[in-house]
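Participant: As input, take run.cif (mmCIF, C-alpha atoms (C1' of nucleotides)):
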```
data_entry
loop_
_atom_site.label_atom_id
_atom_site.label_comp_id
_atom_site.auth_asym_id
_atom_site.auth_seq_id
_atom_site.Cartn_x
_atom_site.Cartn_y
_atom_site.Cartn_z
CA MET T 1 178.38 86.12 93.71
CA ALA T 2 175.18 86.22 95.67
CA THR T 3 175.39 82.70 96.99
CA LEU T 4 178.92 82.95 98.22
CA GLN T 5 178.16 85.98 100.31
CA LYS T 6 175.53 84.18 102.27
CA SER T 7 176.71 82.79 105.54
CA ILE T 8 177.70 79.15 105.47
CA ASP T 9 177.12 79.09 109.21
CA LYS T 10 173.48 79.96 108.75
CA ARG T 11 173.08 77.24 106.17
CA ASN T 12 174.62 74.70 108.51
CA ALA T 13 172.50 75.86 111.41
CA LEU T 14 169.41 75.31 109.28
CA ILE T 15 170.52 71.81 108.35
CA GLN T 16 171.29 70.95 111.96
CA ALA T 17 167.94 72.28 113.11
CA THR T 18 166.21 70.23 110.44
CA ILE T 19 167.93 67.05 111.59
CA SER T 20 167.09 67.63 115.21
CA LEU T 21 163.46 68.58 114.70
CA VAL T 22 162.71 65.92 112.10
CA ASN T 23 164.26 63.33 114.41
CA ASN T 24 161.89 64.30 117.18
CA ASN T 25 158.71 65.08 115.28
CA GLY T 26 158.96 63.76 111.74
CA PHE T 27 159.01 65.77 108.54
CA HIS T 28 155.44 66.96 108.37
CA ALA T 29 155.24 67.82 112.05
CA THR T 30 158.26 70.08 111.73
CA PRO T 31 157.17 73.55 110.62
CA MET T 32 159.53 75.91 108.84
CA SER T 33 158.89 78.43 111.60
CA LYS T 34 160.39 76.09 114.20
CA ILE T 35 163.37 75.30 112.03
CA ALA T 36 163.92 79.02 111.64
CA LYS T 37 163.61 79.64 115.36
CA MET T 38 166.06 76.89 116.25
CA ALA T 39 168.56 78.25 113.72
CA ASN T 40 168.05 81.80 115.03
CA VAL T 41 166.83 82.99 111.70
CA SER T 42 163.68 84.41 110.19
CA PRO T 43 161.42 81.96 108.34
CA ALA T 44 161.89 84.03 105.21
CA THR T 45 165.64 83.63 105.40
CA ILE T 46 165.36 79.88 104.85
CA TYR T 47 164.20 80.67 101.34
CA LEU T 48 167.45 82.46 100.58
CA TYR T 49 169.28 79.18 101.13
CA PHE T 50 166.75 76.60 100.00
CA GLU T 51 164.04 76.55 97.38
CA ASN T 52 161.36 75.19 99.68
CA LYS T 53 160.83 72.72 102.49
CA GLN T 54 161.27 69.69 100.26
CA ASP T 55 164.55 71.05 98.97
CA LEU T 56 165.73 71.71 102.51
CA VAL T 57 165.08 68.16 103.62
CA ASN T 58 166.47 66.61 100.44
CA THR T 59 169.63 68.64 100.78
CA THR T 60 169.92 67.70 104.43
CA TYR T 61 169.51 64.04 103.57
CA ILE T 62 172.24 64.10 100.95
CA ALA T 63 174.54 66.05 103.25
CA VAL T 64 174.11 63.59 106.11
CA LYS T 65 174.53 60.64 103.77
CA ALA T 66 177.79 62.14 102.57
CA ILE T 67 179.02 62.55 106.14
CA TYR T 68 178.05 58.94 106.80
CA THR T 69 179.87 57.43 103.86
CA GLN T 70 182.91 59.59 104.35
CA TYR T 71 183.11 58.32 107.90
CA ALA T 72 182.56 54.73 106.79
CA PHE T 73 185.44 54.77 104.31
CA GLU T 74 187.78 57.01 106.30
CA THR T 75 190.26 54.29 107.24
CA TYR T 76 189.60 52.04 104.26
CA ASP T 77 192.07 51.69 101.41
CA GLU T 78 191.29 50.05 98.10
CA LYS T 79 194.49 48.04 98.26
CA MET T 80 193.43 46.20 101.40
CA GLU T 81 192.50 42.53 101.31
CA VAL T 82 188.76 41.93 101.00
CA VAL T 83 188.38 40.44 104.50
CA LYS T 84 190.23 43.31 106.08
CA GLY T 85 188.33 45.88 104.04
CA PHE T 86 185.01 44.43 105.08
CA GLU T 87 185.97 44.39 108.73
CA ILE T 88 187.17 47.96 108.70
CA ILE T 89 184.16 49.38 106.89
CA TRP T 90 181.71 47.37 108.98
CA LYS T 91 183.22 48.56 112.21
CA ARG T 92 183.36 52.16 111.03
CA ILE T 93 179.68 51.98 110.24
CA ALA T 94 179.01 50.59 113.71
CA ASP T 95 181.08 53.40 115.18
CA PHE T 96 179.20 55.98 113.22
CA LYS T 97 175.84 54.72 114.35
CA LEU T 98 176.95 54.76 117.95
CA LYS T 99 178.87 58.02 118.03
CA GLU T 100 176.86 60.02 115.53
CA SER T 101 173.53 58.61 116.52
CA GLU T 102 171.63 61.76 115.64
CA TYR T 103 172.80 61.55 112.05
CA ALA T 104 172.15 57.82 111.97
CA GLN T 105 168.65 58.24 113.32
CA PHE T 106 167.89 60.88 110.74
CA LEU T 107 169.02 58.62 107.93
CA ALA T 108 166.93 55.76 109.28
CA GLN T 109 163.85 57.95 109.33
CA CYS T 110 164.49 59.17 105.79
CA ASP T 111 164.91 55.63 104.53
CA ASN T 112 161.61 54.43 105.99
CA THR T 113 159.12 57.10 104.99
CA PRO T 114 157.94 58.88 101.84
CA MET T 115 159.80 61.99 103.00
CA ILE T 116 162.71 62.15 100.52
CA ASP T 117 162.06 62.34 96.81
CA GLU T 118 163.37 59.68 94.46
CA PRO T 119 166.18 61.64 92.78
CA SER T 120 167.68 62.51 96.17
CA ARG T 121 167.39 58.91 97.30
CA LYS T 122 169.32 57.79 94.25
CA GLU T 123 171.88 60.52 94.79
CA GLY T 124 172.39 59.28 98.35
CA ILE T 125 173.09 55.73 97.24
CA LYS T 126 175.88 56.71 94.87
CA HIS T 127 178.29 57.31 97.72
CA LEU T 128 178.36 53.63 98.61
CA GLN T 129 180.29 52.79 95.46
CA PRO T 130 183.57 51.83 97.21
CA LEU T 131 181.68 49.14 99.13
CA LEU T 132 180.13 47.77 95.94
CA ASP T 133 183.59 47.72 94.37
CA LEU T 134 184.96 45.81 97.34
CA TRP T 135 182.23 43.22 97.02
CA GLU T 136 182.78 42.86 93.33
CA ARG T 137 186.42 42.16 94.08
CA GLY T 138 185.47 39.68 96.82
CA LYS T 139 183.15 37.81 94.51
CA GLN T 140 185.69 37.67 91.72
CA GLU T 141 188.39 36.24 93.94
CA GLY T 142 185.90 33.87 95.55
CA THR T 143 186.06 35.29 99.06
CA ILE T 144 182.45 36.38 99.06
CA LYS T 145 179.27 34.54 98.11
CA PRO T 146 178.12 35.11 94.55
CA ILE T 147 174.85 36.88 95.35
CA SER T 148 173.44 40.30 94.54
CA ASP T 149 174.99 43.37 96.15
CA TYR T 150 171.63 44.21 97.60
CA LEU T 151 171.49 40.97 99.51
CA LEU T 152 175.10 41.27 100.54
CA TYR T 153 174.48 44.67 102.03
CA ALA T 154 171.30 43.47 103.67
CA TYR T 155 172.92 40.51 105.33
CA SER T 156 176.06 42.29 106.38
CA ILE T 157 174.45 45.35 107.89
CA ASN T 158 171.59 43.46 109.39
CA PRO T 159 172.92 42.21 112.71
CA LEU T 160 174.24 45.66 113.40
CA SER T 161 170.98 47.45 112.66
CA PHE T 162 168.97 45.38 115.02
CA LEU T 163 171.56 45.49 117.72
CA LEU T 164 171.34 49.26 117.62
CA MET T 165 167.60 49.32 117.34
CA ALA T 166 167.23 47.16 120.41
CA GLN T 167 169.69 49.28 122.29
CA GLU T 168 167.96 52.48 121.30
CA ARG T 169 164.71 51.23 122.72
CA GLY T 170 166.41 50.62 126.00
CA ALA T 171 166.19 46.85 125.78
CA PHE T 172 169.76 46.37 126.95
CA LYS T 173 173.18 47.96 127.27
CA LEU T 174 175.46 47.46 124.31
CA THR T 175 178.94 46.05 124.88
CA ASN T 176 181.96 45.51 122.66
CA GLU T 177 181.27 41.83 122.90
CA HIS T 178 177.85 42.36 121.37
CA LEU T 179 179.36 44.29 118.53
CA GLU T 180 182.04 41.72 117.87
CA HIS T 181 179.39 39.02 117.89
CA ALA T 182 177.28 40.93 115.40
CA TYR T 183 180.26 41.52 113.20
CA GLN T 184 181.03 37.80 113.09
CA ALA T 185 177.43 37.07 112.21
CA ALA T 186 177.65 39.59 109.40
CA TRP T 187 180.82 38.14 107.96
CA ASN T 188 179.57 34.57 108.24
CA SER T 189 176.47 35.44 106.28
CA ILE T 190 178.34 36.81 103.31
CA LYS T 191 181.57 34.83 103.16
CA ALA T 192 181.83 32.17 100.49
CA MET K 1 123.28 50.50 122.17
CA ALA K 2 124.51 53.43 120.11
CA THR K 3 127.88 51.99 119.20
CA LEU K 4 126.56 48.65 118.09
CA GLN K 5 124.19 50.22 115.64
CA LYS K 6 126.95 51.94 113.76
CA SER K 7 128.02 50.06 110.71
CA ILE K 8 131.04 47.85 111.23
CA ASP K 9 131.56 48.03 107.48
CA LYS K 10 132.08 51.76 107.65
CA ARG K 11 134.56 51.41 110.45
CA ASN K 12 136.50 48.83 108.48
CA ALA K 13 136.41 50.96 105.35
CA LEU K 14 137.92 53.81 107.35
CA ILE K 15 140.69 51.59 108.67
CA GLN K 16 141.45 50.23 105.22
CA ALA K 17 141.55 53.71 103.75
CA THR K 18 143.90 54.81 106.49
CA ILE K 19 146.29 51.95 105.77
CA SER K 20 146.31 52.62 102.07
CA LEU K 21 146.75 56.37 102.27
CA VAL K 22 149.30 56.34 105.06
CA ASN K 23 151.30 53.75 103.14
CA ASN K 24 151.46 56.04 100.14
CA ASN K 25 151.78 59.43 101.77
CA GLY K 26 152.66 59.05 105.42
CA PHE K 27 150.58 60.05 108.43
CA HIS K 28 150.80 63.81 108.23
CA ALA K 29 150.31 63.96 104.48
CA THR K 30 147.07 62.02 104.77
CA PRO K 31 144.19 64.40 105.48
CA MET K 32 141.02 63.22 107.14
CA SER K 33 139.13 64.50 104.12
CA LYS K 34 140.91 62.02 101.86
CA ILE K 35 140.37 59.15 104.26
CA ALA K 36 136.70 60.04 104.31
CA LYS K 37 136.51 60.23 100.55
CA MET K 38 138.20 56.88 100.06
CA ALA K 39 135.83 55.27 102.57
CA ASN K 40 132.82 56.90 100.88
CA VAL K 41 131.92 58.76 104.02
CA SER K 42 131.67 62.33 105.17
CA PRO K 43 134.66 63.71 107.11
CA ALA K 44 132.41 64.30 110.06
CA THR K 45 131.40 60.65 110.13
CA ILE K 46 134.93 59.63 111.06
CA TYR K 47 134.40 61.30 114.40
CA LEU K 48 131.47 59.04 115.16
CA TYR K 49 133.83 56.08 115.05
CA PHE K 50 137.08 57.59 116.29
CA GLU K 51 137.98 60.32 118.74
CA ASN K 52 140.35 62.08 116.41
CA LYS K 53 143.05 61.43 113.83
CA GLN K 54 145.54 60.11 116.37
CA ASP K 55 142.97 57.69 117.72
CA LEU K 56 142.17 56.51 114.20
CA VAL K 57 145.77 55.72 113.41
CA ASN K 58 146.47 54.16 116.81
CA THR K 59 143.44 51.94 116.45
CA THR K 60 144.45 50.98 112.93
CA TYR K 61 147.94 50.10 114.11
CA ILE K 62 146.69 47.84 116.86
CA ALA K 63 144.19 46.20 114.53
CA VAL K 64 146.82 45.44 111.90
CA LYS K 65 149.25 44.20 114.54
CA ALA K 66 146.56 41.82 115.77
CA ILE K 67 145.98 40.50 112.26
CA TYR K 68 149.72 40.04 111.90
CA THR K 69 150.25 38.06 115.06
CA GLN K 70 147.18 35.96 114.54
CA TYR K 71 148.54 35.00 111.15
CA ALA K 72 151.99 34.33 112.57
CA PHE K 73 150.75 31.88 115.18
CA GLU K 74 147.96 30.32 113.13
CA THR K 75 149.65 26.96 112.60
CA TYR K 76 151.78 27.03 115.75
CA ASP K 77 151.05 24.85 118.72
CA GLU K 78 152.64 25.27 122.15
CA LYS K 79 153.33 21.56 122.33
CA MET K 80 155.67 21.62 119.34
CA GLU K 81 159.42 21.21 119.70
CA VAL K 82 161.29 24.49 119.86
CA VAL K 83 163.04 24.04 116.50
CA LYS K 84 159.81 23.18 114.79
CA GLY K 85 157.96 26.04 116.44
CA PHE K 86 160.57 28.53 115.38
CA GLU K 87 160.51 27.32 111.80
CA ILE K 88 156.76 27.47 111.56
CA ILE K 89 156.41 30.92 113.06
CA TRP K 90 159.30 32.30 111.03
CA LYS K 91 157.86 31.04 107.80
CA ARG K 92 154.40 32.28 108.63
CA ILE K 93 155.86 35.72 109.24
CA ALA K 94 157.61 35.54 105.89
CA ASP K 95 154.36 34.49 104.27
CA PHE K 96 152.50 37.33 105.86
CA LYS K 97 154.98 39.90 104.66
CA LEU K 98 154.77 38.55 101.15
CA LYS K 99 151.08 37.93 100.88
CA GLU K 100 149.78 40.74 103.04
CA SER K 101 152.36 43.25 101.99
CA GLU K 102 150.09 46.24 102.47
CA TYR K 103 149.60 45.38 106.13
CA ALA K 104 153.29 44.65 106.51
CA GLN K 105 154.29 47.93 104.94
CA PHE K 106 151.94 49.81 107.21
CA LEU K 107 153.44 48.20 110.29
CA ALA K 108 156.95 48.99 109.10
CA GLN K 109 156.07 52.61 108.66
CA CYS K 110 154.46 52.79 112.09
CA ASP K 111 157.48 51.23 113.72
CA ASN K 112 159.91 53.72 112.18
CA THR K 113 158.30 57.09 112.77
CA PRO K 114 156.86 59.11 115.66
CA MET K 115 153.39 58.40 114.34
CA ILE K 116 151.99 56.00 116.93
CA ASP K 117 151.81 56.99 120.56
CA GLU K 118 153.63 55.02 123.23
CA PRO K 119 150.65 53.27 124.87
CA SER K 120 149.53 51.90 121.50
CA ARG K 121 153.04 50.76 120.70
CA LYS K 122 153.16 48.83 123.96
CA GLU K 123 149.72 47.41 123.30
CA GLY K 124 150.94 46.16 119.92
CA ILE K 125 153.89 44.32 121.41
CA LYS K 126 151.78 42.29 123.83
CA HIS K 127 150.55 40.01 121.08
CA LEU K 128 154.00 38.54 120.53
CA GLN K 129 153.87 36.70 123.86
CA PRO K 130 153.70 33.17 122.37
CA LEU K 131 157.02 33.80 120.63
CA LEU K 132 158.61 35.04 123.83
CA ASP K 133 157.33 31.95 125.60
CA LEU K 134 158.80 29.73 122.91
CA TRP K 135 162.19 31.37 123.32
CA GLU K 136 162.06 31.07 127.06
CA ARG K 137 161.46 27.36 126.60
CA GLY K 138 164.29 27.13 124.06
CA LYS K 139 166.69 28.84 126.39
CA GLN K 140 165.74 26.64 129.32
CA GLU K 141 166.27 23.45 127.39
CA GLY K 142 169.48 24.83 125.86
CA THR K 143 168.32 24.86 122.25
CA ILE K 144 168.59 28.63 121.95
CA LYS K 145 171.36 31.03 122.90
CA PRO K 146 170.99 32.58 126.33
CA ILE K 147 170.58 36.18 125.20
CA SER K 148 167.86 38.79 125.56
CA ASP K 149 164.58 38.31 123.75
CA TYR K 150 165.12 41.61 122.04
CA LEU K 151 168.29 40.39 120.44
CA LEU K 152 166.76 37.06 119.56
CA TYR K 153 163.95 38.76 117.77
CA ALA K 154 166.36 41.13 116.09
CA TYR K 155 168.60 38.38 114.81
CA SER K 156 165.87 36.07 113.73
CA ILE K 157 163.75 38.57 111.85
CA ASN K 158 166.66 40.38 110.35
CA PRO K 159 167.55 38.31 107.30
CA LEU K 160 163.91 38.30 106.33
CA SER K 161 163.42 42.03 106.66
CA PHE K 162 166.26 42.88 104.40
CA LEU K 163 165.37 40.27 101.89
CA LEU K 164 161.95 41.84 101.61
CA MET K 165 163.27 45.37 101.63
CA ALA K 166 165.61 44.61 98.77
CA GLN K 167 162.85 42.91 96.88
CA GLU K 168 160.46 45.79 97.41
CA ARG K 169 162.92 48.20 95.89
CA GLY K 170 163.10 46.04 92.80
CA ALA K 171 166.64 44.91 93.37
CA PHE K 172 165.84 41.31 92.50
CA LYS K 173 163.12 38.73 92.27
CA LEU K 174 162.52 36.72 95.40
CA THR K 175 162.59 32.91 95.19
CA ASN K 176 161.85 30.13 97.65
CA GLU K 177 165.55 29.42 97.71
CA HIS K 178 166.20 32.96 98.95
CA LEU K 179 163.67 32.51 101.69
CA GLU K 180 165.07 29.16 102.76
CA HIS K 181 168.50 30.67 102.84
CA ALA K 182 167.32 33.57 104.98
CA TYR K 183 165.53 31.20 107.30
CA GLN K 184 168.70 29.17 107.79
CA ALA K 185 170.63 32.37 108.51
CA ALA K 186 168.02 33.31 111.08
CA TRP K 187 168.12 29.98 112.84
CA ASN K 188 171.90 29.85 112.82
CA SER K 189 172.08 33.23 114.49
CA ILE K 190 169.93 32.24 117.44
CA LYS K 191 170.61 28.54 117.96
CA ALA K 192 172.82 27.62 120.90
"C1'" DT X 1 100.16 46.72 108.37
"C1'" DT X 2 100.52 51.76 108.48
"C1'" DA X 3 101.38 56.37 110.11
"C1'" DA X 4 103.56 59.10 113.48
"C1'" DT X 5 107.40 60.01 116.10
"C1'" DA X 6 111.64 59.71 118.38
"C1'" DA X 7 116.48 58.53 118.32
"C1'" DA X 8 120.67 57.58 115.97
"C1'" DA X 9 123.65 58.15 112.19
"C1'" DA X 10 125.36 60.70 108.64
"C1'" DT X 11 126.19 64.81 106.17
"C1'" DG X 12 128.21 69.20 104.03
"C1'" DA X 13 129.36 73.55 105.23
"C1'" DA X 14 131.81 76.39 108.36
"C1'" DC X 15 135.32 77.59 111.95
"C1'" DG X 16 139.57 78.51 113.79
"C1'" DT X 17 144.24 77.36 113.40
"C1'" DT X 18 148.51 76.28 111.38
"C1'" DC X 19 151.55 76.23 107.88
"C1'" DA X 20 154.57 77.16 103.71
"C1'" DT X 21 155.61 80.82 101.18
"C1'" DT X 22 155.81 85.74 99.59
"C1'" DC X 23 155.94 90.77 100.13
"C1'" DT X 24 157.63 94.96 101.91
"C1'" DT X 25 160.74 97.08 104.77
"C1'" DT X 26 164.94 97.38 107.44
"C1'" DT X 27 169.69 96.20 108.32
"C1'" DT X 28 174.12 94.85 106.98
"C1'" DT X 29 177.90 94.59 103.85
"C1'" DA X 30 180.90 96.15 100.20
"C1'" DT W 1 175.45 104.85 98.64
"C1'" DA W 2 174.04 100.91 96.28
"C1'" DA W 3 173.31 96.09 96.45
"C1'" DA W 4 172.67 91.91 99.08
"C1'" DA W 5 170.87 89.70 103.07
"C1'" DA W 6 167.70 89.36 106.60
"C1'" DA W 7 163.64 90.34 108.98
"C1'" DG W 8 158.75 90.36 110.37
"C1'" DA W 9 154.31 90.77 108.97
"C1'" DA W 10 150.98 89.30 105.64
"C1'" DT W 11 148.69 85.88 102.53
"C1'" DG W 12 146.21 82.17 101.00
"C1'" DA W 13 145.59 77.40 101.12
"C1'" DA W 14 144.92 73.21 103.72
"C1'" DC W 15 143.81 70.97 107.62
"C1'" DG W 16 141.41 68.84 111.84
"C1'" DT W 17 137.43 69.35 114.03
"C1'" DT W 18 132.69 71.00 115.12
"C1'" DC W 19 128.01 72.59 114.10
"C1'" DA W 20 123.43 72.79 112.38
"C1'" DT W 21 120.65 69.97 109.52
"C1'" DT W 22 119.01 66.15 107.05
"C1'" DT W 23 118.44 61.28 106.33
"C1'" DT W 24 117.89 56.80 107.98
"C1'" DT W 25 116.44 53.50 111.29
"C1'" DA W 26 113.83 51.87 115.11
"C1'" DT W 27 109.78 52.20 118.02
"C1'" DT W 28 105.18 52.99 119.12
"C1'" DA W 29 100.06 53.68 118.51
"C1'" DA W 30 96.34 53.08 115.61
#
```
Represent the structure from my file as structure tokens, please.

Facilitator:
Amino acid sequence: MATLQKSIDKRNALIQATISLVNNNGFHATPMSKIAKMANVSPATIYLYFENKQDLVNTTYIAVKAIYTQYAFETYDEKMEVVKGFEIIWKRIADFKLKESEYAQFLAQCDNTPMIDEPSRKEGIKHLQPLLDLWERGKQEGTIKPISDYLLYAYSINPLSFLLMAQERGAFKLTNEHLEHAYQAAWNSIKA
Amino acid sequence: MATLQKSIDKRNALIQATISLVNNNGFHATPMSKIAKMANVSPATIYLYFENKQDLVNTTYIAVKAIYTQYAFETYDEKMEVVKGFEIIWKRIADFKLKESEYAQFLAQCDNTPMIDEPSRKEGIKHLQPLLDLWERGKQEGTIKPISDYLLYAYSINPLSFLLMAQERGAFKLTNEHLEHAYQAAWNSIKA
DNA sequence: TTAATAAAAATGAACGTTCATTCTTTTTTA
DNA sequence: TAAAAAAGAATGAACGTTCATTTTTATTAA
């Protein structure tokens, strides 16, 4: 088939170029020509892999989101206790944001601008299901506060986000102690 | 003088149009022509009030930031106790984000994209000085944790941000109880 | 007060550029 | 040698900005 013959490397190069350029300039200040150049490809070639610019960025968003959630749940097992599960997932997310900061930054930008269309946004959220399941379990057994999943996620991810934001802006140097502190704050805010 | 004769109304209309359009479409998807149309002005007229598009958006950012901080400190007095001061400012910020949500949304977008240039960003931060002073006082008298202002701000504003984010996305309906809860979480995370 | 005039403000059309996308041709693969 | 993939050049639309003019406002002279 046509699609299968096309080089997966080229597709990946295009996605990587998109991430890098959008991170530095934003969606609308990133021309297709530059994406092509960075991926060592002709502008026209992009259109063999993606419908248009919007499709390229949507696809990139979903791909990065998938990488993110896969990383987050890598060492998590549904049979774990709720407390343990929360700790593991939380720390994996922290790890991801630190070690894969380019991906993390891209996701942050996508989530704060009108750059991704609604269907793709919804698609990206689906992958968080294991975390929602964990919370449901925690609420049922009384380990976790009986509030909406949205709030739970907000509270639990919150200390981490700002820690990283502050660090990114060069406000201070992040230590393990900081992270542990943030993690405790997160757990305290959601535990029953 | 030339500048003084120009209509302040027109300038304000341009700033308001910028806020509204950038909120809905983002900086680069907001053409000068549309800003002009919304402000009932010719495109060329914009350039009598602002150097160029970047200057328009920088100026708008600083203006909105000024409105924000003025609101935040409106009922605050430097002679208040630290706990009281924190509560008042925190709740004013919450109020602002709820009641002046268009301004708040604009600031959020500016703070999460490469849309504002660095000098204007720095300019915008200056206005938060009274809060920094309050924290310094809190740290000296031992009421507040001895950590960096950046972290303090991060922790304290965090529960609020996510509450509002979740609400904005229609996840749930915000109540006073939610806000009180978030405020307590904020204070707990920074108190000594 | 009015008419004449100068200056400022505002305008719509036009310019040059940039961009996403398509078209035609060339290269690669099977 | 035929079909798929890739390329570069071309296209047309959209944009920020400027230009030449007109309209409005302020000033002066009668």

Participant: Give me the residues near Pro119 of chain K as a ChimeraX atom specification, where near means some atom within 12 Å (using only C-alpha atoms (C1' of nucleotides)) and where sequence neighbours in that chain fewer than 6 positions away do not count.

Facilitator: /K:55,58-59,61-62,125-126

Participant: Would you mind listing, as a PDB file with C-alpha atoms (C1' of nucleotides), keeping the file's coordinate frame, all residues of chain W that have at least one atom within 12 Å of chain T, where only C-alpha atoms (C1' of nucleotides) are what counts?

Facilitator:
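Output below, filename iface32.pdb:
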```pdb
ATOM      1  C1'  DA W   3     173.310  96.090  96.450  1.00  0.00           C
ATOM      2  C1'  DA W   4     172.670  91.910  99.080  1.00  0.00           C
ATOM      3  C1'  DA W   5     170.870  89.700 103.070  1.00  0.00           C
ATOM      4  C1'  DA W   6     167.700  89.360 106.600  1.00  0.00           C
ATOM      5  C1'  DA W   7     163.640  90.340 108.980  1.00  0.00           C
ATOM      6  C1'  DG W   8     158.750  90.360 110.370  1.00  0.00           C
ATOM      7  C1'  DA W   9     154.310  90.770 108.970  1.00  0.00           C
TER       8       DA W   9
END
```

Participant: What residues come out when you apply the PyMOL selection byres ((chain K and resi 130-133) around 9) to this file, written as a ChimeraX atom specification?

Facilitator: /K:73,78,85-86,89,127-129,134-138,149,153

Participant: For C-alpha atoms, I'd like the residues from the last selection saved as a short mmCIF file (atom, residue, chain, number, x, y, z; two decimals), keeping the file's coordinate frame.

Facilitator:
```cif
data_model
loop_
_atom_site.label_atom_id
_atom_site.label_comp_id
_atom_site.auth_asym_id
_atom_site.auth_seq_id
_atom_site.Cartn_x
_atom_site.Cartn_y
_atom_site.Cartn_z
CA PHE K 73 150.75 31.88 115.18
CA GLU K 78 152.64 25.27 122.15
CA GLY K 85 157.96 26.04 116.44
CA PHE K 86 160.57 28.53 115.38
CA ILE K 89 156.41 30.92 113.06
CA HIS K 127 150.55 40.01 121.08
CA LEU K 128 154.00 38.54 120.53
CA GLN K 129 153.87 36.70 123.86
CA LEU K 134 158.80 29.73 122.91
CA TRP K 135 162.19 31.37 123.32
CA GLU K 136 162.06 31.07 127.06
CA ARG K 137 161.46 27.36 126.60
CA GLY K 138 164.29 27.13 124.06
CA ASP K 149 164.58 38.31 123.75
CA TYR K 153 163.95 38.76 117.77
#
```

Participant: Tell me which of X:DT5, X:DT17, X:DT22, X:DT11 sits closest to chain T, counting only C-alpha atoms (C1' of nucleotides).

Facilitator: X:DT22

Participant: Would you compute the distance between atom CA of Asn112 of chain K and atom CA of Ala17 of chain T? Give it in Å to one decimal.

Facilitator: 20.2 Å

Participant: Could you tell me which residues the PyMOL selection byres ((chain T) within 10 of (chain X)) grabs in this file, written as a VMD selection string?

Facilitator: chain T and resid 5 30 to 33 43 to 44 47 52 to 53

Participant: When you count all atoms listed in the file, which of these residues is closest to chain T: K:Gln184, K:Met80, K:Ile67, K:Leu98?

Facilitator: K:Gln184

Participant: Mind telling me what the PyMOL selection byres ((chain K and resi 110) around 10) catches here, as a JSON list (two decimals) with C-alpha atoms, keeping the file's coordinate frame?

Facilitator:
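result_17.json written:
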```json
[["chain", "number", "residue", "atom", "x", "y", "z"],
["T", 112, "ASN", "CA", 161.61, 54.43, 105.99],
["T", 113, "THR", "CA", 159.12, 57.10, 104.99],
["K", 22, "VAL", "CA", 149.30, 56.34, 105.06],
["K", 23, "ASN", "CA", 151.30, 53.75, 103.14],
["K", 26, "GLY", "CA", 152.66, 59.05, 105.42],
["K", 27, "PHE", "CA", 150.58, 60.05, 108.43],
["K", 57, "VAL", "CA", 145.77, 55.72, 113.41],
["K", 58, "ASN", "CA", 146.47, 54.16, 116.81],
["K", 61, "TYR", "CA", 147.94, 50.10, 114.11],
["K", 104, "ALA", "CA", 153.29, 44.65, 106.51],
["K", 105, "GLN", "CA", 154.29, 47.93, 104.94],
["K", 106, "PHE", "CA", 151.94, 49.81, 107.21],
["K", 107, "LEU", "CA", 153.44, 48.20, 110.29],
["K", 108, "ALA", "CA", 156.95, 48.99, 109.10],
["K", 109, "GLN", "CA", 156.07, 52.61, 108.66],
["K", 111, "ASP", "CA", 157.48, 51.23, 113.72],
["K", 112, "ASN", "CA", 159.91, 53.72, 112.18],
["K", 113, "THR", "CA", 158.30, 57.09, 112.77],
["K", 114, "PRO", "CA", 156.86, 59.11, 115.66],
["K", 115, "MET", "CA", 153.39, 58.40, 114.34],
["K", 116, "ILE", "CA", 151.99, 56.00, 116.93],
["K", 117, "ASP", "CA", 151.81, 56.99, 120.56],
["K", 121, "ARG", "CA", 153.04, 50.76, 120.70]]
```

Participant: From the set T:Ala66, T:Ala39, T:Ala29, T:Ile15, which residue has the shortest atom-to-atom contact distance to chain K, counting only C-alpha atoms?

Facilitator: T:Ala29

Participant: What separation in Å, quoted to one decimal, exists between atom CA of Ile144 of chain K and atom CA of His178 of chain K?

Facilitator: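 These two atoms are separated by 23.5 Å.
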
Participant: Atom CA of Tyr49 of chain K to atom CA of Phe96 of chain K: how many Å, to one decimal?

Facilitator: 28.0 Å

Participant: Hey, which of T:Ile8, T:Leu152, T:Leu179, T:Val64 ends up closest to Lys91 of chain T? Count only C-alpha atoms.

Facilitator: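 The answer is T:Leu179, which sits nearest to Lys91 of chain T.
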